Amino acid sequence: MTDSPGTQSLDRVRSWLLDLVHAHRLSPTQRRVAQHMLDSLPDVAFASSVDVAEAAGVSQPTVTRMATAFGFSGWAEFRAAARERVLSASPTDSPSPGPDSVPAVALARERDNLLAVEQTVASDRMVRAVDLLAGTRPLGIVGLRVSASLAHYLGHLAQKVLPDVRVLDDGASLIDAVTQLHLDGASAVLFIVMPRHPEATVQAVAHARSLGLATVAIVDTPLVPFADLLDVALVAPVGTDLVFDSHAAVVTLSIALLDALARREPRRTQARLEAHEELVPTWEHQVR
């Protein structure tokens, strides 16, 4: 029995697998296998394709096809590559963190999440997302439930530099609102979809696609079950070590996306920011 690798080393193995997922288009059942593998590291690197298929609830050929989709000759070659990375990860002698150290662990994980966002910002997916969103007017930003606050935060700032920004946060009227965006000339929609992924949001993504709108989404993992409905998926991992999820990486990615959009029209951005600054004295608290 092999020693379990340390958290940071295991995260590197997980990042390798996520890079494979990003680089290849997977079917929904193949994404289910990949998600099981991410949840089962490092043990999955020593499992047979039959065991993986049974645990993931798919057929054995699906597991093999996923390995070949990643560019390997089959499951055996993929497993060997995964096993090599797991065994090369340095074990840790650190004890498991106690309750008092949980916040410190959460902060360490957030640093890892921000590093993942750095990769997203530097990716071709980011460039594609900016291309699509810079060309749409109006710009709809969709967010339901916990994602509603994230959508409103981004929308509040976006309205200062972009014309005609609309935040859509009502699940009951979301389909109608997306239709209105289309009728008003929109060519793309931005969705923020954090766990747990609301059904109404996924339905709105599908509806947008049926109208011919490009769909860009900020999601927590590339393995979201509606990935096939997205033109671009920008991944910002969610912190899960505290009582409630932390969305620090999501906020950072959102602002980086807005910054890139603002830079597409620098004169317009400057003019709108200057107009905003002229209004600040009317609402800002003044020390007397």
# chains A, B, ... in the order shown; residues from 1 in each chain; ligands from 1
>>> residues_around(residues="Ala80 in chain A", least_positions_apart="3", cutoff="12 Å", atoms="only C-alpha atoms", output="list in words")
Val44, Ala45, Phe46, Ala47, Ser48, Ala67, Phe72, Ser73, Gly74, Trp75, Ala76, Glu77, Arg83, Glu84, Arg85, Val86 and Leu87 of chain A
>>> select_by_dssp(residues="range 7-194 of chain A", states="strand (DSSP E)", output="number ranges by chain")
A: 139-142, 165-168, 188-193
>>> select_by_dssp(residues="range 61-282 of chain A", states="alpha helix (DSSP H)", output="MDAnalysis selection string")
chainID A and resid 61:69 75:88 102:121 124:134 146:158 174:183 199:210 248:264 266:279
>>> atom_distance(atom1="CA of Leu132 in chain A", atom2="CA of Ala214 in chain A")
7.1 Å
>>> residues_around(residues="range 164-177 of chain A", least_positions_apart="6", cutoff="12 Å", atoms="only C-alpha atoms", output="JSON, numbers by chain")
{"A": [133, 134, 136, 137, 138, 139, 140, 141, 142, 143, 144, 145, 146, 147, 148, 149, 150, 151, 152, 153, 154, 155, 156, 157, 158, 183, 184, 185, 186, 189, 190, 191, 192, 193, 198, 199, 200, 201, 202, 203, 204, 205, 206, 207, 208, 209, 210, 211, 258]}
>>> atom_distance(atom1="CA of Ala69 in chain A", atom2="CA of Leu17 in chain A")
12.6 Å
>>> residues_around(residues="Ser40 in chain A", least_positions_apart="5", cutoff="12 Å", atoms="only C-alpha atoms", output="PyMOL selection string")
chain A and resi 10+13-14+17+33-35+45-47+51-52+55-56
>>> closest_residue(among="A:Ala233, A:Ala81, A:Leu18, A:Leu114", to="Val250 in chain A", atoms="only C-alpha atoms")
A:Leu114
>>> atom_distance(atom1="CA of Lys160 in chain A", atom2="CA of Ala275 in chain A")
8.8 Å
>>> residues_around(residues="Val224 in chain A", least_positions_apart="6", cutoff="12 Å", atoms="only C-alpha atoms", output="PyMOL selection string")
chain A and resi 21-22+26-32+34-35+193-198+202+217-218+230+233-235+237
>>> write_last_selection(atoms="N, CA, C and O atoms", output="short mmCIF file (atom, residue, chain, number, x, y, z; two decimals), in the first residue's frame")
data_model
loop_
_atom_site.label_atom_id
_atom_site.label_comp_id
_atom_site.auth_asym_id
_atom_site.auth_seq_id
_atom_site.Cartn_x
_atom_site.Cartn_y
_atom_site.Cartn_z
N VAL A 21 -8.84 17.56 -19.19
CA VAL A 21 -10.27 17.83 -19.40
C VAL A 21 -10.47 19.10 -20.20
O VAL A 21 -11.29 19.16 -21.12
N HIS A 22 -9.70 20.14 -19.85
CA HIS A 22 -9.81 21.41 -20.57
C HIS A 22 -9.45 21.27 -22.05
O HIS A 22 -10.05 21.91 -22.92
N LEU A 26 -15.29 16.28 -24.01
CA LEU A 26 -15.77 15.00 -23.52
C LEU A 26 -17.29 14.92 -23.60
O LEU A 26 -17.98 15.93 -23.51
N SER A 27 -17.79 13.71 -23.75
CA SER A 27 -19.23 13.50 -23.71
C SER A 27 -19.70 13.60 -22.27
O SER A 27 -18.89 13.54 -21.33
N PRO A 28 -21.01 13.75 -22.03
CA PRO A 28 -21.50 13.81 -20.64
C PRO A 28 -21.09 12.61 -19.80
O PRO A 28 -20.74 12.76 -18.63
N THR A 29 -21.14 11.40 -20.39
CA THR A 29 -20.76 10.23 -19.61
C THR A 29 -19.25 10.21 -19.33
O THR A 29 -18.82 9.78 -18.26
N GLN A 30 -18.47 10.68 -20.28
CA GLN A 30 -17.02 10.76 -20.05
C GLN A 30 -16.70 11.79 -18.96
O GLN A 30 -15.79 11.59 -18.16
N ARG A 31 -17.47 12.89 -18.93
CA ARG A 31 -17.27 13.88 -17.87
C ARG A 31 -17.60 13.27 -16.50
O ARG A 31 -16.97 13.61 -15.49
N ARG A 32 -18.59 12.38 -16.47
CA ARG A 32 -18.92 11.71 -15.21
C ARG A 32 -17.74 10.88 -14.72
O ARG A 32 -17.43 10.85 -13.53
N ALA A 34 -14.55 11.42 -15.49
CA ALA A 34 -13.49 12.34 -15.09
C ALA A 34 -13.77 12.92 -13.70
O ALA A 34 -12.87 13.07 -12.88
N GLN A 35 -15.03 13.25 -13.43
CA GLN A 35 -15.38 13.78 -12.11
C GLN A 35 -15.14 12.74 -11.03
O GLN A 35 -14.62 13.05 -9.94
N VAL A 193 -22.54 30.52 -12.74
CA VAL A 193 -23.23 29.32 -12.28
C VAL A 193 -22.37 28.59 -11.26
O VAL A 193 -21.50 27.80 -11.60
N MET A 194 -22.65 28.88 -10.00
CA MET A 194 -21.92 28.24 -8.91
C MET A 194 -22.77 27.12 -8.30
O MET A 194 -23.98 27.08 -8.46
N PRO A 195 -22.11 26.21 -7.56
CA PRO A 195 -22.88 25.15 -6.91
C PRO A 195 -23.84 25.76 -5.88
O PRO A 195 -23.50 26.75 -5.23
N ARG A 196 -25.01 25.14 -5.75
CA ARG A 196 -25.48 24.04 -6.56
C ARG A 196 -26.12 24.62 -7.80
O ARG A 196 -26.87 25.58 -7.71
N HIS A 197 -25.84 24.05 -8.95
CA HIS A 197 -26.22 24.65 -10.23
C HIS A 197 -27.74 24.65 -10.40
O HIS A 197 -28.34 23.58 -10.53
N PRO A 198 -28.38 25.82 -10.40
CA PRO A 198 -29.85 25.86 -10.49
C PRO A 198 -30.36 25.34 -11.84
O PRO A 198 -29.80 25.66 -12.90
N VAL A 202 -29.63 26.43 -16.05
CA VAL A 202 -29.27 25.51 -17.14
C VAL A 202 -30.31 25.58 -18.25
O VAL A 202 -29.96 25.57 -19.44
N ALA A 217 -19.86 31.21 -19.68
CA ALA A 217 -20.21 30.97 -18.28
C ALA A 217 -18.97 30.93 -17.40
O ALA A 217 -17.92 30.42 -17.81
N ILE A 218 -19.11 31.49 -16.22
CA ILE A 218 -18.11 31.34 -15.17
C ILE A 218 -18.61 30.21 -14.28
O ILE A 218 -19.69 30.30 -13.69
N LEU A 230 -22.26 25.20 -23.53
CA LEU A 230 -21.47 26.42 -23.39
C LEU A 230 -20.51 26.60 -24.55
O LEU A 230 -19.83 25.66 -24.96
N ALA A 233 -16.36 28.11 -21.30
CA ALA A 233 -16.47 27.91 -19.86
C ALA A 233 -15.20 28.46 -19.20
O ALA A 233 -14.10 27.98 -19.47
N LEU A 234 -15.35 29.48 -18.37
CA LEU A 234 -14.24 30.05 -17.61
C LEU A 234 -14.31 29.49 -16.19
O LEU A 234 -15.30 29.68 -15.49
N VAL A 235 -13.26 28.80 -15.78
CA VAL A 235 -13.31 28.05 -14.52
C VAL A 235 -12.67 28.85 -13.39
O VAL A 235 -11.54 29.32 -13.50
N PRO A 237 -12.40 27.92 -9.38
CA PRO A 237 -12.74 26.96 -8.32
C PRO A 237 -13.34 27.65 -7.09
O PRO A 237 -13.02 28.80 -6.79
#
